Structures are given as structure tokens and as C-alpha cells.
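**Q** Enclosed is the structure file coords-v4.pdb (PDB, C-alpha atoms).
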ATOM      1  CA  MET A   1      38.732   4.056  13.220
ATOM      2  CA  ASN A   2      37.045   3.847  16.580
ATOM      3  CA  PHE A   3      33.291   3.906  16.998
ATOM      4  CA  GLY A   4      31.376   3.752  20.239
ATOM      5  CA  SER A   5      27.850   3.100  19.029
ATOM      6  CA  ALA A   6      26.434  -0.261  18.078
ATOM      7  CA  VAL A   7      26.871  -1.440  14.514
ATOM      8  CA  PRO A   8      23.872  -2.887  12.661
ATOM      9  CA  THR A   9      24.534  -6.568  11.953
ATOM     10  CA  ILE A  10      23.110  -9.391   9.889
ATOM     11  CA  GLU A  11      23.602 -13.139  10.222
ATOM     12  CA  VAL A  12      25.256 -14.998   7.338
ATOM     13  CA  THR A  13      22.214 -17.270   7.179
ATOM     14  CA  ASP A  14      19.982 -14.228   6.540
ATOM     15  CA  LEU A  15      21.948 -13.115   3.473
ATOM     16  CA  LYS A  16      20.329 -13.604   0.079
ATOM     17  CA  ASP A  17      22.301 -14.673  -2.985
ATOM     18  CA  ASP A  18      21.924 -11.284  -4.668
ATOM     19  CA  ASP A  19      22.862  -9.162  -1.630
ATOM     20  CA  PHE A  20      25.732  -6.739  -2.289
ATOM     21  CA  LEU A  21      28.794  -7.913  -0.358
ATOM     22  CA  LEU A  22      31.890  -5.829   0.453
ATOM     23  CA  ASP A  23      34.933  -7.795   1.629
ATOM     24  CA  VAL A  24      37.404  -5.637   3.598
ATOM     25  CA  ARG A  25      40.043  -8.290   4.312
ATOM     26  CA  GLU A  26      43.617  -7.901   3.103
ATOM     27  CA  ASP A  27      44.847  -9.185  -0.269
ATOM     28  CA  ASP A  28      46.310 -12.475   1.009
ATOM     29  CA  GLU A  29      43.032 -13.349   2.749
ATOM     30  CA  TRP A  30      41.002 -12.456  -0.351
ATOM     31  CA  GLN A  31      43.227 -14.516  -2.646
ATOM     32  CA  ALA A  32      42.928 -17.601  -0.418
ATOM     33  CA  GLY A  33      39.160 -17.517  -0.631
ATOM     34  CA  HIS A  34      36.203 -15.160  -0.844
ATOM     35  CA  ALA A  35      32.517 -15.016  -1.642
ATOM     36  CA  GLU A  36      31.943 -15.051  -5.382
ATOM     37  CA  GLY A  37      30.753 -11.682  -6.656
ATOM     38  CA  ALA A  38      31.915  -9.718  -3.605
ATOM     39  CA  LEU A  39      33.646  -6.362  -4.029
ATOM     40  CA  HIS A  40      37.114  -6.358  -2.445
ATOM     41  CA  ILE A  41      38.510  -3.200  -0.851
ATOM     42  CA  PRO A  42      40.973  -3.897   2.004
ATOM     43  CA  ILE A  43      40.311  -1.935   5.188
ATOM     44  CA  SER A  44      43.880  -0.583   4.994
ATOM     45  CA  GLU A  45      42.984   1.130   1.693
ATOM     46  CA  PHE A  46      39.297   1.723   2.296
ATOM     47  CA  VAL A  47      39.113   5.475   2.769
ATOM     48  CA  ALA A  48      41.355   6.091  -0.274
ATOM     49  CA  ARG A  49      39.304   3.686  -2.422
ATOM     50  CA  TYR A  50      35.859   4.653  -1.105
ATOM     51  CA  GLY A  51      34.796   5.838  -4.579
ATOM     52  CA  GLU A  52      35.087   2.277  -5.897
ATOM     53  CA  LEU A  53      32.332   1.251  -3.511
ATOM     54  CA  THR A  54      29.992   4.055  -4.492
ATOM     55  CA  GLU A  55      30.529   3.202  -8.165
ATOM     56  CA  ALA A  56      30.056  -0.553  -7.745
ATOM     57  CA  ALA A  57      27.165  -0.697  -5.294
ATOM     58  CA  PRO A  58      23.686  -0.763  -6.826
ATOM     59  CA  GLN A  59      21.745   2.446  -6.214
ATOM     60  CA  ASP A  60      20.153   2.451  -2.743
ATOM     61  CA  ALA A  61      21.288  -1.132  -2.128
ATOM     62  CA  ARG A  62      22.268  -2.210   1.373
ATOM     63  CA  VAL A  63      26.010  -2.875   1.676
ATOM     64  CA  HIS A  64      26.830  -6.067   3.596
ATOM     65  CA  VAL A  65      30.372  -5.693   4.958
ATOM     66  CA  ILE A  66      32.370  -8.849   5.688
ATOM     67  CA  CYS A  67      35.863  -9.680   6.983
ATOM     68  CA  ARG A  68      37.302 -12.815   8.608
ATOM     69  CA  SER A  69      35.411 -12.704  11.902
ATOM     70  CA  GLY A  70      33.481  -9.423  12.030
ATOM     71  CA  GLY A  71      35.837  -6.930  13.698
ATOM     72  CA  ARG A  72      37.211  -5.001  10.732
ATOM     73  CA  SER A  73      33.915  -5.142   8.882
ATOM     74  CA  ALA A  74      32.159  -3.630  11.907
ATOM     75  CA  GLN A  75      34.493  -0.625  11.693
ATOM     76  CA  VAL A  76      33.839  -0.163   7.967
ATOM     77  CA  ALA A  77      30.083  -0.678   8.356
ATOM     78  CA  MET A  78      29.945   2.044  11.015
ATOM     79  CA  TYR A  79      31.985   4.375   8.803
ATOM     80  CA  LEU A  80      29.550   3.786   5.931
ATOM     81  CA  VAL A  81      26.537   4.404   8.162
ATOM     82  CA  GLN A  82      28.133   7.710   9.175
ATOM     83  CA  GLN A  83      28.403   8.557   5.450
ATOM     84  CA  GLY A  84      24.663   7.996   5.098
ATOM     85  CA  ILE A  85      24.961   4.573   3.430
ATOM     86  CA  ASP A  86      22.701   1.677   4.403
ATOM     87  CA  ALA A  87      25.392  -0.726   5.635
ATOM     88  CA  VAL A  88      25.414  -3.736   7.939
ATOM     89  CA  ASN A  89      28.155  -5.892   9.413
ATOM     90  CA  VAL A  90      28.046  -9.612   8.563
ATOM     91  CA  ASP A  91      28.249 -11.249  11.988
ATOM     92  CA  GLY A  92      31.030 -13.818  12.275
ATOM     93  CA  GLY A  93      32.437 -12.941   8.849
ATOM     94  CA  MET A  94      33.923 -15.384   6.392
ATOM     95  CA  GLN A  95      34.572 -17.924   9.151
ATOM     96  CA  VAL A  96      30.822 -18.346   9.657
ATOM     97  CA  TRP A  97      30.211 -18.013   5.893
ATOM     98  CA  ALA A  98      32.399 -21.080   5.278
ATOM     99  CA  ALA A  99      31.126 -22.942   8.350
ATOM    100  CA  VAL A 100      27.501 -22.809   7.163
ATOM    101  CA  GLY A 101      28.522 -24.141   3.761
ATOM    102  CA  ARG A 102      28.425 -20.995   1.648
ATOM    103  CA  PRO A 103      30.790 -21.237  -1.335
ATOM    104  CA  VAL A 104      34.313 -19.851  -1.004
ATOM    105  CA  VAL A 105      36.347 -19.324  -4.196
ATOM    106  CA  ASN A 106      39.861 -18.151  -5.013
ATOM    107  CA  ASP A 107      40.906 -15.730  -7.754
ATOM    108  CA  GLU A 108      40.784 -18.535 -10.343
ATOM    109  CA  GLY A 109      37.200 -19.403  -9.395
ATOM    110  CA  GLN A 110      38.336 -22.668  -7.818
ATOM    111  CA  SER A 111      37.365 -23.809  -4.345
ATOM    112  CA  GLY A 112      39.084 -21.572  -1.800
ATOM    113  CA  TYR A 113      39.459 -21.393   1.963
ATOM    114  CA  VAL A 114      39.281 -18.799   4.714
ATOM    115  CA  LEU A 115      42.630 -17.703   6.164
TER     116      LEU A 115
END
Step by step, read the file and then write its structure as C-alpha cells.

**A**
Amino acid sequence: MNFGSAVPTIEVTDLKDDDFLLDVREDDEWQAGHAEGALHIPISEFVARYGELTEAAPQDARVHVICRSGGRSAQVAMYLVQQGIDAVNVDGGMQVWAAVGRPVVNDEGQSGYVL
């Protein structure tokens, strides 16, 4: 995926607790630690699993796309915008998420970390 136009972004600190979050990191990154309640679809499988997003996202809800640092999520956010979905890239990704003290959990719901 290669997109020339600017991607709409949002700062981690501007996210609300009930915002819909889509994590596009790979499985090993997700298992190490993620935002509780986020939907996980790795970028490598995203197009094939796109239907999971449309089923899981609340109707007309903005999709906040996150990865480790913001690069992969920017690609997915732009793809979603092109599909007519209200999507934004979470600037700085999970690295900033963890740095500002937002909770990171593993698959067991224990404290996790960002790979």
C-alpha cells in the first residue's frame, strides 16, 4: 500500500476511553501488549480480514488505527478513508500510548509491554 496524500491523525492524549481502536500490528506484538478492548487485525492480513472490521466497528463510529509507531497504521487509515470509512491514524502508536501511561495488557489481561 502506498498513499501520497496526508493521513488524518489524532494524538493518543486526545483519545477517549470508549473510542474504537484497531490495532494492525503483527501477532507477536499484539501478544506482548495491547490496548484493552482493541480489535486486532494484522496489516499483513488486513485486506483479507476487512469484513471483521466492518462487523466489529460500531455503526458510523470513527476507527482509530494504531500500530507500534504510526507507520503501518497510517497506511491502513488511508485505505479505510478510501473505502469511505471515518478513520484516523493514532500518532506515535503504541509507543506513545505506553509512554503517556495508558494501560497495556497481554492476552491474559495481565500487564503487558510494547515490542

**Q** Separation of CA of Gln83 in chain A and CA of Val24 in chain A, in Å?

**A**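 Atom-to-atom, CA of Gln83 in chain A to CA of Val24 in chain A, that is 16.9 Å.
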
**Q** Could you check how far CA of Gly109 in chain A sits from CA of Ser73 in chain A, in Å to one decimal?

**A**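 A separation of 23.4 Å between them.
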
**Q** For the provided coordinates, the residues matched by the PyMOL selection byres ((chain A and resi 106) around 10) should be stated as a list in words.

**A**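 For this structure, the PyMOL selection byres ((chain A and resi 106) around 10) resolves to Glu29, Trp30, Gln31, Ala32, Gly33, His34, Ala35, Glu36, Val104, Val105, Asp107, Glu108, Gly109, Gln110, Ser111, Gly112, Tyr113 and Val114 of chain A.
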
**Q** Suppose you want the space between CA of Leu115 in chain A and CA of Asp14 in chain A; what is it in Å?

**A** 22.9 Å

**Q** Rank A:Phe20, A:Asp27, A:Pro42, A:Gly37 by their smallest atom-to-atom distance to Thr54 in chain A, using all atoms listed in the file, and report the top residue only.

**A**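 Between A:Phe20, A:Asp27, A:Pro42, A:Gly37, the residue approaching Thr54 in chain A most closely is A:Phe20.
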
**Q** Pull out every residue that the PyMOL selection byres ((chain A and resi 94-97) around 6) matches in the shown coordinates and put them as number ranges by chain.

**A** A: 12, 68-69, 92-93, 98-100, 102

**Q** Could you list, as a PDB file with C-alpha atoms, in the frame of the given file, every residue matched by the PyMOL selection byres ((chain A and resi 65) around 8) in this structure?

**A**
ATOM      1  CA  LEU A  21      28.794  -7.913  -0.358  1.00  0.00           C
ATOM      2  CA  LEU A  22      31.890  -5.829   0.453  1.00  0.00           C
ATOM      3  CA  ASP A  23      34.933  -7.795   1.629  1.00  0.00           C
ATOM      4  CA  VAL A  24      37.404  -5.637   3.598  1.00  0.00           C
ATOM      5  CA  VAL A  63      26.010  -2.875   1.676  1.00  0.00           C
ATOM      6  CA  HIS A  64      26.830  -6.067   3.596  1.00  0.00           C
ATOM      7  CA  ILE A  66      32.370  -8.849   5.688  1.00  0.00           C
ATOM      8  CA  CYS A  67      35.863  -9.680   6.983  1.00  0.00           C
ATOM      9  CA  SER A  73      33.915  -5.142   8.882  1.00  0.00           C
ATOM     10  CA  ALA A  74      32.159  -3.630  11.907  1.00  0.00           C
ATOM     11  CA  VAL A  76      33.839  -0.163   7.967  1.00  0.00           C
ATOM     12  CA  ALA A  77      30.083  -0.678   8.356  1.00  0.00           C
ATOM     13  CA  ALA A  87      25.392  -0.726   5.635  1.00  0.00           C
ATOM     14  CA  VAL A  88      25.414  -3.736   7.939  1.00  0.00           C
ATOM     15  CA  ASN A  89      28.155  -5.892   9.413  1.00  0.00           C
ATOM     16  CA  VAL A  90      28.046  -9.612   8.563  1.00  0.00           C
TER      17      VAL A  90
END

**Q** Let me have the centre and edge lengths in Å, one decimal, of the box along x, y and z around every listed atom of range 6-12 of chain A with 4 Å of margin on each side, as AutoDock Vina command-line options.

**A**
--center_x 25.0 --center_y -7.6 --center_z 12.7 --size_x 11.8 --size_y 22.7 --size_z 18.7

**Q** Please identify all polymer residues within 8 Å of Asp86 in chain A, counting only C-alpha atoms, omitting same-chain residues fewer than 6 positions from it, and present them as a list in words.

**A**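 That gives Asp60, Ala61, Arg62, Val63 and Leu80 of chain A.
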
**Q** List the residues sitting within 12 Å of (46.9, -1.0, 6.8) in the file's frame, using all atoms listed in the file, as a list in words.

**A**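 The requested residues, written out, are Met1, Val24, Arg25, Glu26, Asp27, Ile41, Pro42, Ile43, Ser44, Glu45, Phe46, Val47, Ala48 and Arg72 of chain A.
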
**Q** So which residues are close to (23.3, -9.8, 17.8), meaning at most 8 Å away in the file's coordinates with all atoms listed in the file counted, and can you show them as number ranges by chain?

**A** A: 9-10, 91

**Q** Of the residues A:Leu39, A:Leu15, A:Val7, A:Met78, which is the one nearest to Glu55 in chain A, using only C-alpha atoms?

**A**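 Under the stated criterion, the closest residue is A:Leu39.
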